[in-house]
Each structure stands twice: as structure tokens, then as C-alpha cells.
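Okay, final-v4.cif is below, mmCIF, C-alpha atoms:
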```
data_input
loop_
_atom_site.group_PDB
_atom_site.id
_atom_site.type_symbol
_atom_site.label_atom_id
_atom_site.label_comp_id
_atom_site.auth_asym_id
_atom_site.auth_seq_id
_atom_site.Cartn_x
_atom_site.Cartn_y
_atom_site.Cartn_z
ATOM 1 C CA MET V 70 -115.565 -255.356 129.165
ATOM 2 C CA TYR V 71 -115.524 -253.853 125.656
ATOM 3 C CA ILE V 72 -118.415 -251.529 126.567
ATOM 4 C CA LYS V 73 -116.666 -250.449 129.760
ATOM 5 C CA LYS V 74 -113.494 -249.484 127.831
ATOM 6 C CA ASN V 75 -115.572 -247.451 125.349
ATOM 7 C CA HIS V 76 -117.304 -245.643 128.226
ATOM 8 C CA ILE V 77 -113.909 -244.783 129.734
ATOM 9 C CA LYS V 78 -112.640 -243.508 126.359
ATOM 10 C CA ILE V 79 -115.784 -241.450 125.819
ATOM 11 C CA ALA V 80 -115.597 -240.029 129.360
ATOM 12 C CA ALA V 81 -111.908 -239.162 128.854
ATOM 13 C CA ALA V 82 -112.668 -237.480 125.508
ATOM 14 C CA LEU V 83 -115.520 -235.445 127.051
ATOM 15 C CA LEU V 84 -113.379 -234.443 130.016
ATOM 16 C CA THR V 85 -110.479 -233.410 127.733
ATOM 17 C CA GLY V 86 -112.884 -231.500 125.472
ATOM 18 C CA CYS V 87 -114.369 -229.663 128.447
ATOM 19 C CA PHE V 88 -110.846 -228.799 129.637
ATOM 20 C CA PHE V 89 -109.936 -227.314 126.216
ATOM 21 C CA LEU V 90 -113.196 -225.394 126.050
ATOM 22 C CA TYR V 91 -112.551 -223.998 129.498
ATOM 23 C CA SER V 92 -108.914 -223.117 128.776
ATOM 24 C CA CYS V 93 -109.820 -221.321 125.513
ATOM 25 C CA GLU V 94 -112.001 -218.826 127.326
ATOM 26 C CA ASN V 95 -110.538 -215.273 127.195
ATOM 27 C CA ASP V 96 -111.230 -212.325 129.393
ATOM 28 C CA LEU V 97 -112.838 -209.566 127.279
ATOM 29 C CA ALA V 98 -110.548 -206.905 128.811
ATOM 30 C CA GLN V 99 -107.465 -208.934 127.837
ATOM 31 C CA VAL V 100 -108.679 -209.298 124.249
ATOM 32 C CA GLN V 101 -109.353 -205.561 123.986
ATOM 33 C CA GLN V 102 -105.910 -204.783 125.432
ATOM 34 C CA ILE V 103 -104.219 -207.017 122.843
ATOM 35 C CA ASN V 104 -106.220 -205.429 120.022
ATOM 36 C CA ALA V 105 -105.398 -201.928 121.292
ATOM 37 C CA LYS V 106 -101.636 -202.441 120.899
ATOM 38 C CA GLU V 107 -100.197 -200.769 117.839
ATOM 39 C CA LEU V 108 -99.116 -203.220 115.210
ATOM 40 C CA GLY V 109 -95.953 -202.503 113.218
ATOM 41 C CA LYS V 110 -94.387 -200.254 115.862
ATOM 42 C CA ASP V 111 -91.077 -201.151 117.501
ATOM 43 C CA VAL V 112 -90.062 -199.269 120.634
ATOM 44 C CA ALA V 113 -86.498 -198.702 121.859
ATOM 45 C CA LYS V 114 -85.466 -196.912 125.046
ATOM 46 C CA LYS V 115 -82.145 -195.217 125.896
ATOM 47 C CA VAL V 116 -80.975 -195.273 122.285
ATOM 48 C CA ALA V 117 -77.364 -194.637 121.229
ATOM 49 C CA ILE V 118 -76.682 -194.855 117.477
ATOM 50 C CA ARG V 119 -73.183 -194.423 116.056
ATOM 51 C CA TYR V 120 -72.763 -193.380 112.426
ATOM 52 C CA SER V 121 -69.452 -194.006 110.709
ATOM 53 C CA LEU V 122 -68.030 -193.581 107.237
ATOM 54 C CA GLY V 123 -64.897 -195.384 106.080
ATOM 55 C CA GLY V 124 -64.353 -196.685 109.599
ATOM 56 C CA ARG V 125 -64.347 -193.173 111.101
ATOM 57 C CA LYS V 126 -66.929 -191.923 113.561
ATOM 58 C CA LYS V 127 -69.111 -189.224 111.958
ATOM 59 C CA ALA V 128 -71.934 -188.796 114.487
ATOM 60 C CA VAL V 129 -73.391 -190.204 117.681
ATOM 61 C CA LEU V 130 -77.148 -189.890 118.219
ATOM 62 C CA THR V 131 -78.723 -190.391 121.644
ATOM 63 C CA ALA V 132 -82.389 -190.318 122.639
ATOM 64 C CA PRO V 133 -84.464 -191.601 125.557
ATOM 65 C CA LEU V 134 -87.141 -193.087 123.270
ATOM 66 C CA MET V 135 -87.327 -194.185 119.631
ATOM 67 C CA TYR V 136 -90.188 -195.651 117.582
ATOM 68 C CA ARG V 137 -89.699 -197.521 114.318
ATOM 69 C CA VAL V 138 -93.059 -197.531 112.557
ATOM 70 C CA GLN V 139 -93.761 -199.908 109.671
ATOM 71 C CA ASP V 140 -96.590 -198.361 107.684
ATOM 72 C CA THR V 141 -97.205 -197.617 104.004
ATOM 73 C CA THR V 142 -94.158 -195.366 104.355
ATOM 74 C CA SER V 143 -91.948 -196.468 107.225
ATOM 75 C CA TYR V 144 -90.299 -193.926 109.506
ATOM 76 C CA ILE V 145 -88.322 -193.563 112.722
ATOM 77 C CA GLU V 146 -89.586 -191.153 115.350
ATOM 78 C CA PHE V 147 -87.928 -189.616 118.397
ATOM 79 C CA PRO V 148 -90.925 -188.236 120.370
ATOM 80 C CA GLN V 149 -89.178 -186.985 123.516
ATOM 81 C CA THR V 150 -85.753 -185.527 122.713
ATOM 82 C CA LEU V 151 -82.793 -186.082 120.442
ATOM 83 C CA HIS V 152 -79.103 -185.170 120.782
ATOM 84 C CA VAL V 153 -76.439 -185.599 118.073
ATOM 85 C CA ASP V 154 -72.692 -184.995 118.286
ATOM 86 C CA PHE V 155 -71.063 -184.491 114.850
ATOM 87 C CA TYR V 156 -67.360 -185.334 114.542
ATOM 88 C CA ASN V 157 -64.564 -183.931 112.370
ATOM 89 C CA ALA V 158 -63.018 -185.803 109.401
ATOM 90 C CA THR V 159 -60.707 -187.859 111.633
ATOM 91 C CA GLY V 160 -63.551 -188.786 113.992
ATOM 92 C CA ASP V 161 -61.798 -187.678 117.167
ATOM 93 C CA THR V 162 -63.225 -184.191 117.860
ATOM 94 C CA ILE V 163 -66.825 -182.987 118.138
ATOM 95 C CA GLU V 164 -67.397 -180.157 115.616
ATOM 96 C CA SER V 165 -71.043 -179.440 116.298
ATOM 97 C CA ARG V 166 -73.964 -180.529 118.459
ATOM 98 C CA LEU V 167 -77.651 -180.703 117.663
ATOM 99 C CA ASP V 168 -80.576 -180.844 120.092
ATOM 100 C CA ALA V 169 -84.322 -181.005 119.429
ATOM 101 C CA LYS V 170 -87.404 -182.054 121.359
ATOM 102 C CA TYR V 171 -88.816 -184.057 118.420
ATOM 103 C CA ALA V 172 -87.472 -185.692 115.252
ATOM 104 C CA ARG V 173 -88.808 -187.886 112.454
ATOM 105 C CA TYR V 174 -86.716 -189.743 109.864
ATOM 106 C CA ARG V 175 -88.442 -191.043 106.734
ATOM 107 C CA ASP V 176 -86.563 -194.013 105.290
ATOM 108 C CA ALA V 177 -87.624 -193.420 101.686
ATOM 109 C CA GLN V 178 -86.549 -189.762 101.646
ATOM 110 C CA SER V 179 -83.471 -190.075 103.889
ATOM 111 C CA ILE V 180 -84.323 -186.704 105.476
ATOM 112 C CA VAL V 181 -84.700 -185.918 109.178
ATOM 113 C CA PHE V 182 -87.338 -183.377 110.233
ATOM 114 C CA LEU V 183 -86.535 -181.699 113.559
ATOM 115 C CA LYS V 184 -88.891 -179.468 115.496
ATOM 116 C CA ASP V 185 -89.499 -177.777 118.818
ATOM 117 C CA SER V 186 -86.567 -175.962 120.406
ATOM 118 C CA VAL V 187 -84.015 -176.967 117.779
ATOM 119 C CA ARG V 188 -80.470 -175.881 118.587
ATOM 120 C CA VAL V 189 -77.228 -176.400 116.623
ATOM 121 C CA TYR V 190 -73.966 -175.362 118.268
ATOM 122 C CA ASN V 191 -70.510 -175.157 116.645
ATOM 123 C CA THR V 192 -67.876 -176.094 119.232
ATOM 124 C CA THR V 193 -65.090 -174.158 117.464
ATOM 125 C CA THR V 194 -66.705 -170.790 116.652
ATOM 126 C CA GLY V 195 -69.357 -170.788 119.366
ATOM 127 C CA ASP V 196 -72.067 -169.898 116.797
ATOM 128 C CA THR V 197 -75.458 -171.233 117.837
ATOM 129 C CA LEU V 198 -78.592 -171.645 115.718
ATOM 130 C CA TYR V 199 -82.026 -171.501 117.342
ATOM 131 C CA CYS V 200 -85.201 -172.371 115.421
ATOM 132 C CA ASN V 201 -88.435 -174.325 115.721
ATOM 133 C CA GLU V 202 -88.176 -176.371 112.505
ATOM 134 C CA LEU V 203 -85.119 -177.687 110.718
ATOM 135 C CA TYR V 204 -84.428 -180.311 108.057
ATOM 136 C CA TRP V 205 -81.286 -182.429 108.026
ATOM 137 C CA ASP V 206 -80.492 -183.962 104.635
ATOM 138 C CA ARG V 207 -77.113 -185.719 104.423
ATOM 139 C CA ALA V 208 -77.427 -185.897 100.615
ATOM 140 C CA LYS V 209 -77.221 -182.079 100.330
ATOM 141 C CA ILE V 210 -73.457 -181.839 100.820
ATOM 142 C CA GLY V 211 -72.545 -178.380 102.151
ATOM 143 C CA ASN V 212 -76.191 -177.503 102.979
ATOM 144 C CA GLU V 213 -77.219 -180.459 105.136
ATOM 145 C CA PHE V 214 -79.299 -178.218 107.440
ATOM 146 C CA TYR V 215 -82.044 -176.002 106.020
ATOM 147 C CA THR V 216 -85.340 -174.360 106.918
ATOM 148 C CA ASP V 217 -87.766 -171.813 105.529
ATOM 149 C CA LYS V 218 -88.935 -170.764 109.019
ATOM 150 C CA ALA V 219 -87.698 -168.108 111.452
ATOM 151 C CA VAL V 220 -84.144 -168.529 112.749
ATOM 152 C CA ARG V 221 -81.846 -166.836 115.238
ATOM 153 C CA ILE V 222 -78.079 -167.179 115.177
ATOM 154 C CA ARG V 223 -76.128 -166.137 118.227
ATOM 155 C CA ARG V 224 -72.467 -165.309 117.671
ATOM 156 C CA LYS V 225 -69.935 -164.125 120.262
ATOM 157 C CA MET V 226 -70.886 -160.454 119.962
ATOM 158 C CA GLN V 227 -73.916 -160.504 117.675
ATOM 159 C CA ILE V 228 -77.458 -161.839 117.310
ATOM 160 C CA ILE V 229 -78.828 -162.294 113.781
ATOM 161 C CA ASP V 230 -82.535 -162.938 113.100
ATOM 162 C CA GLY V 231 -84.062 -163.986 109.819
ATOM 163 C CA THR V 232 -86.305 -166.308 107.850
ATOM 164 C CA GLY V 233 -84.918 -169.294 105.995
ATOM 165 C CA MET V 234 -81.417 -170.673 106.341
ATOM 166 C CA GLU V 235 -78.955 -173.151 104.870
ATOM 167 C CA ALA V 236 -75.918 -174.451 106.746
ATOM 168 C CA ARG V 237 -73.217 -177.068 106.695
ATOM 169 C CA GLN V 238 -73.604 -179.922 109.136
ATOM 170 C CA ASP V 239 -70.605 -178.706 111.157
ATOM 171 C CA PHE V 240 -72.255 -175.242 111.275
ATOM 172 C CA LYS V 241 -68.998 -173.517 110.267
ATOM 173 C CA GLU V 242 -70.718 -171.937 107.271
ATOM 174 C CA TRP V 243 -74.318 -170.795 107.159
ATOM 175 C CA HIS V 244 -76.492 -168.440 105.128
ATOM 176 C CA ILE V 245 -79.698 -166.720 106.256
ATOM 177 C CA ILE V 246 -81.923 -166.293 103.204
ATOM 178 C CA HIS V 247 -83.947 -163.302 104.464
ATOM 179 C CA PRO V 248 -82.143 -161.566 107.354
ATOM 180 C CA THR V 249 -84.406 -159.298 109.390
ATOM 181 C CA GLY V 250 -82.060 -157.854 111.976
ATOM 182 C CA PHE V 251 -78.567 -157.666 113.415
ATOM 183 C CA VAL V 252 -77.869 -156.690 116.977
ATOM 184 C CA LYS V 253 -74.341 -156.057 118.305
ATOM 185 C CA VAL V 254 -74.106 -156.879 121.948
ATOM 186 C CA PRO V 255 -71.133 -156.264 124.263
ATOM 187 C CA GLY V 256 -69.856 -159.491 125.802
ATOM 188 C CA SER V 257 -70.798 -158.396 129.343
ATOM 189 C CA GLU V 258 -74.437 -157.815 128.316
ATOM 190 C CA PHE V 259 -74.933 -160.872 126.126
ATOM 191 C CA PRO V 260 -78.051 -162.849 127.047
ATOM 192 C CA ASP V 261 -77.884 -166.577 127.850
#
```

Show the structure stored in the file as C-alpha cells.
Amino acid sequence: MYIKKNHIKIAAALLTGCFFLYSCENDLAQVQQINAKELGKDVAKKVAIRYSLGGRKKAVLTAPLMYRVQDTTSYIEFPQTLHVDFYNATGDTIESRLDAKYARYRDAQSIVFLKDSVRVYNTTTGDTLYCNELYWDRAKIGNEFYTDKAVRIRRKMQIIDGTGMEARQDFKEWHIIHPTGFVKVPGSEFPD
């Protein structure tokens, strides 16, 4: 009887061992798929971020896709598009709007790099900035937006081209560093 019980225990152990060996088998394609995933990258879709200061709304950022990448220097990336509404001091009126097709925010520097069809629009004056690269640095009070690349500013009756620019975040004040041309355009002939 003792031998029979040992045989049953041994058979059960072998059967259990075979089951674990069988269940530990992985499909090579599944292993490669797991290894191909990017480590340290968080993905968010349909993002809406609200920035406030002293309890007042300062800006609302929206984007269809956002990556937060943890690397030697971590950063946040908006690879598809980005839209930001900037509010006045009381937080109840939009002063300016920013759009870009791509943006990257480096945590350590606290600077946003915007590129590809960048547009900043002041809702009060109607002035609009067009450029392909723009930096947004909230620490540079009064010159939060800047670039050393080509810019175009469209006003109600004027188009101004140049290279390099500094501007306030509300885009009420701006300065083109190297203006290259001014064009006065009658309102009826102004391009879209």
C-alpha cells in the first residue's frame, strides 16, 4: 500500500510538472511583440490639460495624442496637433490661441518647442503670427514666445515678414528682430 501511494504521488508530480512545462511555452511572435513595445513611454489620447495660477484659469491645452517619455531626459510630445487657449488675468476671456502640428516639452528645461504650421492669434487685435518653429518659455515673462526663424505677422491691413521674433504670450506686443518687408493691403484684397 505504501508503494502504491508513492507511485500515485510520483505520477501526480510528473503530471503537474508536465502541465507547467506545457503552460510555460510561449509563441515566438508573442515574445517578439512584447519586446518590440517601447518601454518608458506613456500614451494618452484626447488630452485636455488646464493650467491655472492662483485659482484662475491661465490656459487650456488640447491634443488628440500625447506621449510622456521617460528617458535620460524625460519629455512630453504631441506628435499630431496641439491647440492652446490663453486666458486673461481674470481667467474668463480668451486672449490668444496657439496651434501647431507638433510640440515637445522638456521637463528639465520647462520650454516647449513648437513646429510645423505654427499659428498664434490674438483675439482682441486680430494679429496673427505664422511660422514653422517657435519656442514657448513661461519663465521669460514678457517674451514667452520667440524664434530665430522666418516669421509672418498678418495685421488687419498689413503683412510683415521677417526673421526672428519675440512676443508676449497674449500676442498683444511683439517684436520682429530682422524685418524684411511690409505690405499694406486694402481690406477687400486681404488674403486668407

> What is the distance, in Å and to one decimal place, between CA of Asn191 (chain V) and CA of Val153 (chain V)?
Replying inline: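 Result for CA of Asn191 (chain V) versus CA of Val153 (chain V): 12.1 Å, one decimal.
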
For region 103-199 of chain V versus region 227-249 of chain V, which residues have an atom no more than 10 Å away, and what is each residue's nearest atom pair and distance in Å rounded to one decimal, using only C-alpha atoms, chain-then-number order, as a Markdown table?
```
| residue | atom | partner | partner_atom | distance |
| --- | --- | --- | --- | --- |
| V:Asp154 | CA | V:Asp239 | CA | 9.7 |
| V:Phe155 | CA | V:Asp239 | CA | 6.9 |
| V:Tyr156 | CA | V:Asp239 | CA | 8.1 |
| V:Asn157 | CA | V:Asp239 | CA | 8.1 |
| V:Ile163 | CA | V:Asp239 | CA | 9.0 |
| V:Glu164 | CA | V:Asp239 | CA | 5.7 |
| V:Ser165 | CA | V:Asp239 | CA | 5.2 |
| V:Arg166 | CA | V:Asp239 | CA | 8.2 |
| V:Leu167 | CA | V:Gln238 | CA | 9.5 |
| V:Val189 | CA | V:Phe240 | CA | 7.4 |
| V:Tyr190 | CA | V:Phe240 | CA | 7.2 |
| V:Asn191 | CA | V:Phe240 | CA | 5.6 |
| V:Thr192 | CA | V:Asp239 | CA | 8.9 |
| V:Thr193 | CA | V:Lys241 | CA | 8.2 |
| V:Thr194 | CA | V:Lys241 | CA | 7.3 |
| V:Gly195 | CA | V:Lys241 | CA | 9.5 |
| V:Asp196 | CA | V:Phe240 | CA | 7.7 |
| V:Thr197 | CA | V:Phe240 | CA | 8.3 |
| V:Leu198 | CA | V:Phe240 | CA | 8.5 |
| V:Tyr199 | CA | V:Asp230 | CA | 9.6 |
```

> CA of Phe147 (chain V) and CA of Asp168 (chain V) are how many Å apart?
Replying inline: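 CA of Asp168 (chain V) lies at a distance of 11.6 Å from CA of Phe147 (chain V).
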
Answer key for the PyMOL selection byres ((chain V and resi 128-132) around 8), residues as a short mmCIF file (atom, residue, chain, number, x, y, z; two decimals) with C-alpha atoms, keeping the file's coordinate frame:
```cif
data_model
loop_
_atom_site.label_atom_id
_atom_site.label_comp_id
_atom_site.auth_asym_id
_atom_site.auth_seq_id
_atom_site.Cartn_x
_atom_site.Cartn_y
_atom_site.Cartn_z
CA LYS V 114 -85.47 -196.91 125.05
CA LYS V 115 -82.14 -195.22 125.90
CA VAL V 116 -80.97 -195.27 122.28
CA ALA V 117 -77.36 -194.64 121.23
CA ILE V 118 -76.68 -194.86 117.48
CA ARG V 119 -73.18 -194.42 116.06
CA TYR V 120 -72.76 -193.38 112.43
CA SER V 121 -69.45 -194.01 110.71
CA LYS V 126 -66.93 -191.92 113.56
CA LYS V 127 -69.11 -189.22 111.96
CA PRO V 133 -84.46 -191.60 125.56
CA LEU V 134 -87.14 -193.09 123.27
CA MET V 135 -87.33 -194.18 119.63
CA PHE V 147 -87.93 -189.62 118.40
CA GLN V 149 -89.18 -186.98 123.52
CA THR V 150 -85.75 -185.53 122.71
CA LEU V 151 -82.79 -186.08 120.44
CA HIS V 152 -79.10 -185.17 120.78
CA VAL V 153 -76.44 -185.60 118.07
CA ASP V 154 -72.69 -185.00 118.29
CA PHE V 155 -71.06 -184.49 114.85
CA TYR V 156 -67.36 -185.33 114.54
#
```

Test item: axis-aligned box, all listed atoms of region 110-117 of chain V, 3 Å on each side, centre and edges in Å rounded to one decimal, as AutoDock Vina command-line options:
```
--center_x -85.9 --center_y -197.9 --center_z 120.9 --size_x 23.0 --size_y 12.5 --size_z 16.0
```

> For Phe182 (chain V), which of V:Asp161, V:Glu146, V:Asp111, V:Asp140 is the closest residue, counting only C-alpha atoms?
Replying inline: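 For Phe182 (chain V), the nearest of the given residues is V:Glu146.
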
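In this model, the gap between CA of Arg221 (chain V) and CA of Gly250 (chain V) comes to 9.6 Å.
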
So which residues touch Arg137 (chain V) within 8 Å, counting only C-alpha atoms, skipping near sequence neighbours fewer than 4 positions away, as an mmCIF file with C-alpha atoms, keeping the file's coordinate frame?
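around.cif written:
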```
data_model
loop_
_atom_site.group_PDB
_atom_site.id
_atom_site.type_symbol
_atom_site.label_atom_id
_atom_site.label_comp_id
_atom_site.auth_asym_id
_atom_site.auth_seq_id
_atom_site.Cartn_x
_atom_site.Cartn_y
_atom_site.Cartn_z
ATOM 1 C CA LYS V 110 -94.387 -200.254 115.862
ATOM 2 C CA ASP V 111 -91.077 -201.151 117.501
ATOM 3 C CA VAL V 112 -90.062 -199.269 120.634
ATOM 4 C CA SER V 143 -91.948 -196.468 107.225
ATOM 5 C CA TYR V 144 -90.299 -193.926 109.506
ATOM 6 C CA ILE V 145 -88.322 -193.563 112.722
ATOM 7 C CA GLU V 146 -89.586 -191.153 115.350
#
```
